[in-house]
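Q: Quick one, start.cif (mmCIF, C-alpha atoms (C1' of nucleotides)):
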```cif
data_entry
loop_
_atom_site.label_atom_id
_atom_site.label_comp_id
_atom_site.auth_asym_id
_atom_site.auth_seq_id
_atom_site.Cartn_x
_atom_site.Cartn_y
_atom_site.Cartn_z
CA MET A 1 -19.67 20.45 -1.31
CA SER A 2 -21.20 17.59 0.61
CA LYS A 3 -19.42 15.86 3.40
CA THR A 4 -19.73 12.16 3.96
CA ASP A 5 -20.34 10.56 7.31
CA ALA A 6 -16.73 9.47 7.33
CA ASP A 7 -15.59 13.08 7.01
CA LEU A 8 -17.73 14.33 9.85
CA ARG A 9 -16.08 12.13 12.42
CA LEU A 10 -12.61 13.19 11.38
CA ALA A 11 -12.12 16.05 13.82
CA PRO A 12 -10.15 14.87 16.82
CA PRO A 13 -9.58 17.49 19.53
CA PRO A 14 -6.16 19.22 19.71
CA ARG A 15 -5.39 17.58 23.03
CA ARG A 16 -5.61 14.11 21.50
CA LEU A 17 -3.55 15.13 18.45
CA GLN A 18 -0.88 16.43 20.80
CA ALA A 19 -0.77 13.17 22.71
CA VAL A 20 -0.37 11.21 19.50
CA ALA A 21 2.41 13.44 18.18
CA ARG A 22 4.27 13.31 21.48
CA ARG A 23 4.24 9.52 21.61
CA LEU A 24 5.29 9.29 17.98
CA LEU A 25 8.39 11.42 18.58
CA ALA A 26 9.30 9.46 21.69
CA TRP A 27 8.90 6.16 19.84
CA TYR A 28 10.91 7.39 16.87
CA SER A 29 13.81 8.51 19.05
CA GLN A 30 14.19 4.86 20.09
CA HIS A 31 13.16 2.95 16.98
CA ALA A 32 14.09 5.01 13.92
CA ARG A 33 15.43 2.75 11.18
CA ASP A 34 19.00 3.30 10.14
CA LEU A 35 18.66 4.22 6.45
CA PRO A 36 21.41 5.51 4.15
CA TRP A 37 19.49 8.71 3.32
CA ARG A 38 19.10 9.46 7.01
CA ARG A 39 22.86 9.81 7.34
CA THR A 40 22.96 12.92 5.19
CA ARG A 41 21.57 16.46 5.18
CA ASP A 42 22.35 16.96 1.51
CA PRO A 43 19.07 18.07 -0.12
CA TYR A 44 20.16 16.48 -3.40
CA ALA A 45 20.67 13.07 -1.77
CA ILE A 46 17.38 13.34 0.10
CA TRP A 47 15.62 14.26 -3.13
CA ILE A 48 17.06 11.20 -4.89
CA SER A 49 15.90 8.95 -2.06
CA GLU A 50 12.38 10.36 -2.12
CA ILE A 51 12.00 9.87 -5.87
CA MET A 52 13.29 6.32 -5.62
CA LEU A 53 10.94 5.59 -2.74
CA GLN A 54 7.85 6.50 -4.75
CA GLN A 55 5.82 3.28 -4.97
CA THR A 56 8.96 1.37 -4.05
CA GLN A 57 9.91 -0.28 -0.78
CA VAL A 58 12.89 0.68 1.34
CA ASP A 59 14.73 -2.61 0.93
CA THR A 60 14.45 -2.38 -2.84
CA VAL A 61 15.70 1.19 -2.92
CA ARG A 62 18.70 0.80 -0.65
CA PRO A 63 21.23 -0.67 -3.14
CA TYR A 64 20.03 1.58 -5.96
CA TYR A 65 20.43 4.66 -3.79
CA LEU A 66 24.01 3.82 -2.82
CA ARG A 67 24.98 3.01 -6.38
CA TRP A 68 23.38 6.20 -7.69
CA LEU A 69 25.09 8.49 -5.18
CA ALA A 70 28.41 6.88 -6.06
CA ALA A 71 27.82 7.50 -9.78
CA PHE A 72 26.15 10.92 -9.49
CA PRO A 73 27.32 12.43 -6.19
CA THR A 74 26.02 15.91 -7.00
CA LEU A 75 23.16 17.56 -8.84
CA GLU A 76 25.64 18.82 -11.41
CA THR A 77 26.93 15.34 -12.23
CA LEU A 78 23.36 14.18 -12.76
CA ALA A 79 22.50 17.16 -14.95
CA THR A 80 25.40 16.48 -17.30
CA ALA A 81 25.24 12.66 -17.36
CA PRO A 82 24.37 10.75 -20.56
CA GLN A 83 20.76 9.57 -20.55
CA ASP A 84 21.74 5.95 -21.11
CA GLU A 85 23.90 6.10 -18.00
CA VAL A 86 21.04 7.54 -15.93
CA LEU A 87 18.68 4.82 -17.14
CA ARG A 88 21.27 2.10 -16.62
CA LEU A 89 21.51 3.02 -12.95
CA TRP A 90 17.72 3.12 -12.71
CA GLU A 91 17.22 -0.20 -14.51
CA GLY A 92 15.04 -2.52 -12.42
CA LEU A 93 13.41 0.19 -10.31
CA GLY A 94 10.55 0.70 -12.75
CA TYR A 95 8.48 3.81 -13.47
CA TYR A 96 11.24 5.08 -15.69
CA SER A 97 9.67 8.51 -16.08
CA ARG A 98 11.06 9.08 -12.59
CA ALA A 99 14.59 8.84 -13.97
CA HIS A 100 13.81 11.09 -16.93
CA ASN A 101 12.16 13.63 -14.63
CA LEU A 102 15.10 13.55 -12.21
CA GLN A 103 17.48 14.60 -14.92
CA ARG A 104 15.08 17.20 -16.36
CA ALA A 105 14.59 18.63 -12.88
CA ALA A 106 18.35 18.68 -12.23
CA ARG A 107 18.82 20.75 -15.37
CA GLN A 108 16.02 23.10 -14.36
CA VAL A 109 17.53 23.56 -10.92
CA ARG A 110 20.79 24.51 -12.56
CA GLU A 111 19.05 27.08 -14.75
CA ARG A 112 16.37 28.43 -12.46
CA PHE A 113 17.77 28.01 -8.93
CA ASP A 114 21.50 28.49 -9.31
CA GLY A 115 22.17 24.77 -8.95
CA ARG A 116 20.64 24.46 -5.49
CA LEU A 117 17.44 22.53 -4.82
CA PRO A 118 14.78 25.04 -3.68
CA SER A 119 13.23 24.76 -0.21
CA SER A 120 9.73 26.19 -0.69
CA MET A 121 6.74 24.01 -1.49
CA GLU A 122 5.86 26.20 -4.47
CA ASP A 123 9.28 25.95 -6.09
CA LEU A 124 9.61 22.24 -5.35
CA LEU A 125 6.17 21.54 -6.84
CA SER A 126 7.21 23.33 -10.02
CA LEU A 127 9.86 20.71 -10.75
CA PRO A 128 9.07 17.62 -12.87
CA GLY A 129 8.53 14.46 -10.86
CA ILE A 130 7.84 16.31 -7.61
CA GLY A 131 4.23 16.18 -6.46
CA ALA A 132 2.49 16.90 -3.18
CA TYR A 133 4.10 14.07 -1.23
CA THR A 134 7.67 14.53 -2.46
CA ALA A 135 7.60 18.31 -2.10
CA ALA A 136 6.49 17.98 1.52
CA ALA A 137 9.07 15.27 2.20
CA ILE A 138 11.97 17.33 0.82
CA ALA A 139 10.78 20.58 2.42
CA SER A 140 10.47 18.97 5.85
CA ILE A 141 13.37 16.51 5.86
CA ALA A 142 15.97 18.55 3.99
CA PHE A 143 14.89 22.07 4.98
CA ASP A 144 12.97 21.68 8.26
CA ARG A 145 9.85 23.31 6.87
CA ASP A 146 6.62 22.76 8.81
CA VAL A 147 4.74 20.69 6.24
CA ALA A 148 3.10 17.29 6.70
CA VAL A 149 3.63 14.43 4.27
CA LEU A 150 0.80 12.18 3.16
CA ASP A 151 1.83 8.86 1.65
CA GLY A 152 0.45 5.34 1.79
CA ASN A 153 1.86 4.79 5.27
CA VAL A 154 0.47 8.02 6.68
CA LYS A 155 -2.94 7.39 5.16
CA ARG A 156 -3.09 3.95 6.75
CA VAL A 157 -1.95 5.13 10.16
CA LEU A 158 -4.36 8.08 10.23
CA ALA A 159 -7.30 6.09 8.89
CA ARG A 160 -6.86 3.57 11.70
CA LEU A 161 -5.99 6.01 14.44
CA PHE A 162 -9.00 8.24 13.78
CA LEU A 163 -11.29 5.67 12.18
CA TYR A 164 -11.57 7.24 8.76
CA GLU A 165 -13.91 4.99 6.77
CA GLY A 166 -13.99 6.89 3.48
CA ASP A 167 -11.93 5.91 0.44
CA VAL A 168 -8.39 7.02 1.34
CA LYS A 169 -7.33 7.13 -2.32
CA SER A 170 -10.13 9.36 -3.57
CA PRO A 171 -9.45 13.08 -3.96
CA ASN A 172 -11.85 13.75 -1.11
CA GLY A 173 -10.14 11.23 1.14
CA MET A 174 -6.77 12.73 0.29
CA ARG A 175 -8.05 16.18 1.19
CA GLN A 176 -9.50 15.07 4.50
CA LEU A 177 -6.41 13.15 5.53
CA GLN A 178 -4.02 15.91 4.44
CA ALA A 179 -5.93 18.34 6.63
CA LEU A 180 -5.69 15.89 9.50
CA ALA A 181 -1.98 15.32 8.92
CA ASP A 182 -1.46 19.09 8.91
CA ARG A 183 -3.21 19.40 12.27
CA LEU A 184 -1.19 16.53 13.74
CA LEU A 185 2.16 18.04 12.75
CA PRO A 186 4.08 19.43 15.76
CA SER A 187 5.66 22.74 14.84
CA GLY A 188 9.45 22.67 14.53
CA ARG A 189 9.67 18.85 14.45
CA ALA A 190 8.38 18.13 10.94
CA SER A 191 11.37 16.10 9.81
CA GLU A 192 11.29 13.65 12.69
CA HIS A 193 7.51 13.60 12.90
CA ASN A 194 6.97 12.80 9.23
CA GLN A 195 9.55 10.06 9.27
CA ALA A 196 8.12 8.72 12.52
CA VAL A 197 4.65 8.25 11.02
CA MET A 198 6.10 6.58 7.94
CA ASP A 199 8.33 4.28 9.99
CA LEU A 200 5.39 3.32 12.17
CA GLY A 201 3.36 2.49 9.07
CA ALA A 202 6.20 0.49 7.54
CA THR A 203 7.15 -1.53 10.62
CA ILE A 204 4.18 -1.65 13.05
CA CYS A 205 1.01 -0.35 11.46
CA THR A 206 1.42 -2.59 8.41
CA PRO A 207 -1.28 -3.25 5.78
CA ARG A 208 -1.88 -6.80 6.97
CA ARG A 209 -1.64 -8.04 10.53
CA PRO A 210 -0.51 -4.83 12.22
CA ALA A 211 1.60 -5.36 15.35
CA CYS A 212 -0.68 -3.40 17.65
CA ASP A 213 0.89 -4.97 20.75
CA ARG A 214 4.13 -3.16 19.95
CA CYS A 215 2.49 0.10 18.87
CA PRO A 216 3.16 3.26 20.89
CA LEU A 217 -0.30 4.50 19.90
CA GLN A 218 -2.30 1.39 20.80
CA THR A 219 -4.21 3.06 23.63
CA LEU A 220 -5.07 6.04 21.42
CA CYS A 221 -6.15 4.11 18.34
CA GLU A 222 -9.86 3.99 17.48
CA ALA A 223 -9.47 1.11 15.05
CA ARG A 224 -7.71 -0.91 17.73
CA ALA A 225 -10.43 -0.05 20.24
CA THR A 226 -13.14 -1.28 17.89
CA GLY A 227 -11.23 -4.18 16.36
CA ARG A 228 -11.24 -2.61 12.91
CA GLN A 229 -7.47 -2.37 12.40
CA GLU A 230 -7.46 -5.18 9.85
CA VAL A 231 -10.19 -3.73 7.63
CA LEU A 232 -9.01 -0.12 7.51
CA PRO A 233 -8.03 1.74 5.45
CA ILE A 234 -10.71 1.28 2.83
CA ALA A 235 -9.53 1.68 -0.76
CA GLN A 236 -11.18 0.94 -4.05
CA ARG A 237 -10.09 -2.30 -5.68
CA ARG A 238 -8.29 -2.23 -8.98
CA ALA A 239 -9.72 -4.01 -12.00
CA LYS A 240 -8.17 -7.28 -13.07
CA THR A 241 -5.33 -6.95 -15.52
CA PRO A 242 -5.88 -8.26 -19.06
CA GLU A 243 -3.38 -10.41 -20.92
CA ARG A 244 -1.46 -9.36 -24.03
CA ARG A 245 0.87 -11.29 -26.26
CA ALA A 246 3.98 -10.28 -28.14
CA ASP A 247 6.50 -11.82 -30.50
CA ILE A 248 10.02 -10.51 -30.19
CA GLY A 249 12.84 -10.80 -32.73
CA VAL A 250 16.42 -11.43 -31.68
CA ILE A 251 18.46 -10.93 -34.84
CA LEU A 252 21.96 -12.25 -34.31
CA TRP A 253 24.40 -11.34 -37.03
CA ASN A 254 28.00 -12.29 -36.33
CA ASP A 255 28.40 -11.17 -32.73
CA ARG A 256 25.84 -8.39 -32.81
CA VAL A 257 22.10 -8.06 -32.18
CA LEU A 258 19.68 -5.37 -33.28
CA LEU A 259 18.17 -3.14 -30.61
CA GLU A 260 15.60 -0.36 -30.86
CA LYS A 261 15.29 2.55 -28.49
CA ARG A 262 11.72 2.78 -27.22
CA SER A 263 9.85 6.04 -27.67
CA GLU A 264 6.53 4.93 -26.18
CA ARG A 265 5.50 5.99 -22.73
CA LEU A 266 5.89 2.44 -21.45
CA LEU A 267 9.59 1.86 -20.80
CA GLY A 268 10.39 5.04 -22.71
CA GLY A 269 14.06 5.62 -23.45
CA LEU A 270 14.98 2.00 -22.77
CA TRP A 271 16.46 -0.30 -25.40
CA ALA A 272 14.53 -3.35 -26.60
CA PHE A 273 14.62 -6.13 -29.13
CA PRO A 274 12.27 -5.40 -32.05
CA ALA A 275 8.82 -6.57 -31.03
CA LEU A 276 5.43 -7.02 -32.51
CA ASN A 277 2.71 -6.47 -29.95
CA ALA A 278 -0.76 -7.85 -30.42
CA THR A 279 -3.07 -4.90 -30.95
CA SER A 280 -6.24 -6.35 -29.49
CA LEU A 281 -6.76 -8.44 -26.41
CA GLU A 282 -7.86 -11.55 -28.28
CA GLU A 283 -5.45 -11.32 -31.17
CA THR A 284 -2.52 -13.68 -30.94
CA ALA A 285 0.71 -12.23 -32.14
CA SER A 286 2.44 -14.44 -34.65
CA GLU A 287 5.96 -15.16 -35.71
CA ALA A 288 4.96 -14.64 -39.33
CA ALA A 289 3.72 -11.11 -38.64
CA LEU A 290 6.87 -10.39 -36.68
CA ARG A 291 8.94 -11.44 -39.68
CA GLN A 292 7.17 -8.79 -41.77
CA LYS A 293 8.21 -6.12 -39.33
CA LEU A 294 11.77 -7.38 -39.25
CA LYS A 295 11.86 -7.33 -43.04
CA ALA A 296 10.96 -3.66 -42.96
CA LEU A 297 13.71 -2.97 -40.42
CA LEU A 298 16.39 -4.97 -42.23
CA GLY A 299 15.39 -4.27 -45.79
CA ARG A 300 15.33 -8.01 -46.36
CA VAL A 301 13.79 -11.11 -44.86
CA PRO A 302 15.55 -12.41 -41.77
CA GLY A 303 15.03 -16.06 -42.71
CA GLU A 304 13.34 -18.73 -40.64
CA PRO A 305 13.77 -18.42 -36.89
CA LYS A 306 16.53 -20.69 -35.71
CA LEU A 307 14.76 -21.43 -32.46
CA LEU A 308 12.38 -20.19 -29.82
CA LEU A 309 14.90 -18.55 -27.53
CA ALA A 310 12.60 -17.89 -24.60
CA GLU A 311 9.00 -17.61 -23.53
CA ILE A 312 8.54 -14.98 -20.89
CA LYS A 313 5.57 -14.05 -18.75
CA HIS A 314 5.71 -10.68 -17.10
CA THR A 315 3.18 -8.61 -15.18
CA TYR A 316 3.06 -4.86 -15.68
CA THR A 317 0.81 -2.51 -13.76
CA HIS A 318 -2.07 -2.79 -16.22
CA PHE A 319 -1.61 -6.02 -18.13
CA ARG A 320 0.13 -9.36 -18.17
CA LEU A 321 2.46 -9.99 -21.07
CA VAL A 322 3.21 -13.36 -22.60
CA ALA A 323 6.15 -12.88 -24.91
CA ARG A 324 7.94 -15.28 -27.23
CA ALA A 325 11.47 -14.40 -28.26
CA TRP A 326 12.58 -15.82 -31.62
CA LEU A 327 16.23 -16.11 -32.55
CA TYR A 328 17.12 -15.33 -36.17
CA THR A 329 20.59 -15.89 -37.56
CA PRO A 330 20.58 -14.50 -41.10
CA GLN A 331 23.32 -15.92 -43.34
CA GLU A 332 23.53 -13.10 -45.85
CA PRO A 333 25.13 -9.88 -44.69
CA VAL A 334 22.43 -7.54 -43.42
CA GLN A 335 24.55 -4.52 -42.85
CA ALA A 336 24.09 -3.04 -46.32
CA ALA A 337 20.37 -2.64 -45.90
CA GLY A 338 20.44 -2.79 -42.15
CA LEU A 339 22.92 -0.05 -41.48
CA GLY A 340 21.07 2.21 -43.86
CA ALA A 341 18.15 2.12 -41.47
CA ILE A 342 20.29 2.77 -38.42
CA THR A 343 19.37 5.93 -36.58
CA ASP A 344 19.78 7.19 -33.04
CA ALA A 345 16.92 4.87 -32.22
CA MET A 346 18.55 1.67 -33.50
CA ALA A 347 21.84 -0.05 -32.92
CA TRP A 348 23.69 -3.24 -33.74
CA VAL A 349 25.06 -4.12 -30.34
CA ARG A 350 27.87 -6.53 -29.53
CA LEU A 351 26.78 -9.28 -27.15
CA CYS A 352 29.48 -8.26 -24.72
CA ASP A 353 28.08 -4.71 -24.67
CA LEU A 354 24.46 -5.61 -23.91
CA ALA A 355 24.86 -4.86 -20.22
CA GLY A 356 25.54 -1.22 -21.02
CA TYR A 357 22.19 -0.73 -22.73
CA PRO A 358 19.36 -0.04 -20.26
CA MET A 359 16.40 -2.39 -20.74
CA GLY A 360 13.18 -3.40 -19.05
CA ARG A 361 12.79 -6.75 -17.30
CA VAL A 362 11.50 -8.68 -20.31
CA ASP A 363 14.23 -7.62 -22.70
CA ARG A 364 16.91 -8.06 -20.05
CA ARG A 365 15.77 -11.63 -19.52
CA ILE A 366 15.89 -12.24 -23.26
CA ALA A 367 19.40 -10.80 -23.35
CA SER A 368 20.41 -13.12 -20.52
CA ALA A 369 18.95 -16.12 -22.33
CA LEU A 370 20.87 -15.12 -25.45
CA LEU A 371 24.15 -14.75 -23.59
CA SER A 372 23.88 -18.07 -21.80
CA GLN A 373 22.79 -19.80 -25.00
CA SER A 374 25.62 -18.49 -27.18
CA THR A 375 28.40 -19.47 -24.81
"C1'" DA B 1 -12.17 11.07 -11.90
"C1'" DA B 2 -9.89 7.57 -14.30
"C1'" DT B 3 -5.92 5.78 -16.43
"C1'" DC B 4 -1.18 5.01 -17.19
"C1'" DC B 5 3.32 3.95 -15.52
"C1'" DG B 6 7.40 -1.31 -13.36
"C1'" DG B 7 9.01 -4.23 -10.58
"C1'" DG B 8 9.57 -6.59 -6.29
"C1'" DG B 9 7.92 -8.25 -1.76
"C1'" DG B 10 4.59 -10.25 1.41
"C1'" DT B 11 0.82 -13.35 2.40
"C1'" DA C 1 -3.70 -14.64 -6.92
"C1'" DC C 2 -3.87 -10.54 -4.85
"C1'" DC C 3 -2.37 -6.55 -2.39
"C1'" DC C 4 0.99 -3.21 -1.23
"C1'" DC C 5 4.71 0.01 -1.79
"C1'" DA C 6 8.08 7.28 1.27
"C1'" DG C 7 3.22 8.85 -6.10
"C1'" DG C 8 3.16 11.79 -10.34
"C1'" DA C 9 1.65 12.97 -14.91
"C1'" DT C 10 -1.71 12.79 -18.33
"C1'" DT C 11 -6.21 12.65 -20.28
#
```
Please rewrite the model in this file as structure tokens.

A:
Amino acid sequence: MSKTDADLRLAPPPRRLQAVARRLLAWYSQHARDLPWRRTRDPYAIWISEIMLQQTQVDTVRPYYLRWLAAFPTLETLATAPQDEVLRLWEGLGYYSRAHNLQRAARQVRERFDGRLPSSMEDLLSLPGIGAYTAAAIASIAFDRDVAVLDGNVKRVLARLFLYEGDVKSPNGMRQLQALADRLLPSGRASEHNQAVMDLGATICTPRRPACDRCPLQTLCEARATGRQEVLPIAQRRAKTPERRADIGVILWNDRVLLEKRSERLLGGLWAFPALNATSLEETASEAALRQKLKALLGRVPGEPKLLLAEIKHTYTHFRLVARAWLYTPQEPVQAAGLGAITDAMAWVRLCDLAGYPMGRVDRRIASALLSQST
DNA sequence: AATCCGGGGGT
DNA sequence: ACCCCAGGATT
């Protein structure tokens, strides 16, 4: 294995690490944020918060966390909840596999660990949805284990503090920084220490325009000393997202609309209006092609679209979607053929019940447009 | 190692 | 328009 120049410099002496850790704890004792999941020692509640906080900011998570704990106060209530209810409470947070994995893990904990969340890294890592970061966070915060977390905040703080100029998102960068985080961890104080580094990254050592003048580590920071705090950490840029188009069918029959339950990985388990997605980047989806799909679903043609209900642009992680939602109001009864095709993955849903069906952003906005239009 | 997976917030 | 976020799973 070859080490890069960036790696070679990443070996601060123990004395300096100690000084950093000491100042961090002192700062945290005065400036810790008051967060709902810091008012509990319940491992289940801490687990929920950590899953919600994956790739999601504190202010976004806060209301979801409170609502979730009210609906599912214990691991047992989560394990036995209907999937639609779990997804409904997750709706809007994104990365819906997190919600699926939470419930799968809750059921595994019931079977394998007597209903109590395990405290060892090995057992935590064996649960779905729990990776290196989350296992370390739960082990340290809920169980006071001496393990160091490494998340986006920690990577940024360490890269600046110790002038790490490698790619912090590469496997090698992760390895180097995890080793450094491990060395920095003061024994017996993992919970406070980990949260201190993350709070510092979230409030002082921010991605842009860090507030070095308020930083407890300003005199110990190599990036600050060399004026590099705005350019570190270095991470590879993501490619530009392509654009895709879709035509979406809103079939209104009496006071009901047809929904499908998605089985794809994207938005899996959520309900959606029947859609025809363009298969290639250049191809334009068309209302005519959508009508063919709807005919297959209904067993008959849905008729001409009554109107273009909405045009919605939405950005996902890897593409931008431009979607047109067409409203169809078939005159002939569709239930004879339609209900024959109804499975667990399809439903004719009353307009007043739409809120109870978990959906992604695009379909929820279509549902809102439909509700405001039909009143 | 690269790609997929959402949605919101900040600049 | 672009980057970031208390990342993990899959290929």

Q: Got a sec to resolve the PyMOL selection byres ((chain B and resi 6) around 12) on this structure and send the residues as a PyMOL selection string?

A: (chain A and resi 54-56+90-98+266-268+314-320+359-362) or (chain B and resi 4-5+7-8) or (chain C and resi 5)

Q: Tell me, in Å to one decimal, how far CA of Lys313 in chain A is from CA of Trp326 in chain A.

A: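 Value for the CA of Lys313 in chain A-CA of Trp326 in chain A distance: 14.8 Å.
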
Q: Residues of chain C within 9 Å of chain A, counting all atoms listed in the file - could you list those as number ranges by chain?

A: C: 3-9

Q: Produce a file of the selected residues containing C-alpha atoms (C1' of nucleotides), as a compact mmCIF listing (two decimals), keeping the file's coordinate frame.

A:
```txt
# COMPACT_ATOMS: atom_id res chain seq x y z
C1' DC C 3 -2.37 -6.55 -2.39
C1' DC C 4 0.99 -3.21 -1.23
C1' DC C 5 4.71 0.01 -1.79
C1' DA C 6 8.08 7.28 1.27
C1' DG C 7 3.22 8.85 -6.10
C1' DG C 8 3.16 11.79 -10.34
C1' DA C 9 1.65 12.97 -14.91
```

Q: What is the distance between CA of Trp253 in chain A and CA of Tyr328 in chain A, in Å to one decimal?

A: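 Between these atoms lies a distance of 8.3 Å.
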
Q: Pick out the residues sitting within 10 Å of Asp167 in chain A, and hand them over as a list in words; count only C-alpha atoms (C1' of nucleotides), and ignore anything fewer than 2 positions along from it in its own chain.

A: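 The contact residues come out as Ala6, Ala159, Tyr164, Glu165, Lys169, Ser170, Pro171, Asn172, Gly173, Met174, Leu232, Pro233, Ile234, Ala235 and Gln236 of chain A.
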
Q: Report, in Å with one decimal, the straight-line distance from CA of Pro63 in chain A to CA of Ser29 in chain A.

A: 25.1 Å

Q: Given the file shown, determine the residues that the PyMOL selection byres ((chain C and resi 11) around 9) selects; report them as a ChimeraX atom specification.

A: /B:2-3 /C:10

Q: Centre and edge lengths of an axis-aligned box around all listed atoms of chain B, with 5 Å added on each side, are to be given in Å to one decimal, as AutoDock Vina command-line options.

A:
```
--center_x -1.3 --center_y -1.1 --center_z -7.4 --size_x 31.7 --size_y 34.4 --size_z 29.6
```

Q: Considering all atoms listed in the file, can you say which of A:Arg15, A:Lys293, A:Arg23, A:Arg9 comes closest to Leu200 in chain A?

A: A:Arg23

Q: Find, counting only C-alpha atoms (C1' of nucleotides), the residue in A:Arg265, A:Arg16, A:Arg160, A:Asp247 that gets nearest to chain B.

A: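 Going through A:Arg265, A:Arg16, A:Arg160, A:Asp247 one by one, the smallest distance to chain B is for A:Arg265.
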
Q: Smallest atom-to-atom distance to Gly188 in chain A: which of A:Glu85, A:Asp146, A:Glu222, A:Asp123, using only C-alpha atoms?

A: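 Smallest separation from Gly188 in chain A among the options: A:Asp146.
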
Q: Compare A:Gln18, A:Asn254, A:Gln373, A:Ser263 by their minimum atom-to-atom distance to Leu185 in chain A, counting all atoms listed in the file, and give me the closest one.

A: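 Comparing A:Gln18, A:Asn254, A:Gln373, A:Ser263 against Leu185 in chain A, the winner is A:Gln18.
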
Q: Compare A:Thr60, A:Thr4, A:Ser119, A:Gln331 by their minimum atom-to-atom distance to chain B, counting all atoms listed in the file, and give me the closest one.

A: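 Looking at the shortest contact to chain B, the residue is A:Thr60.
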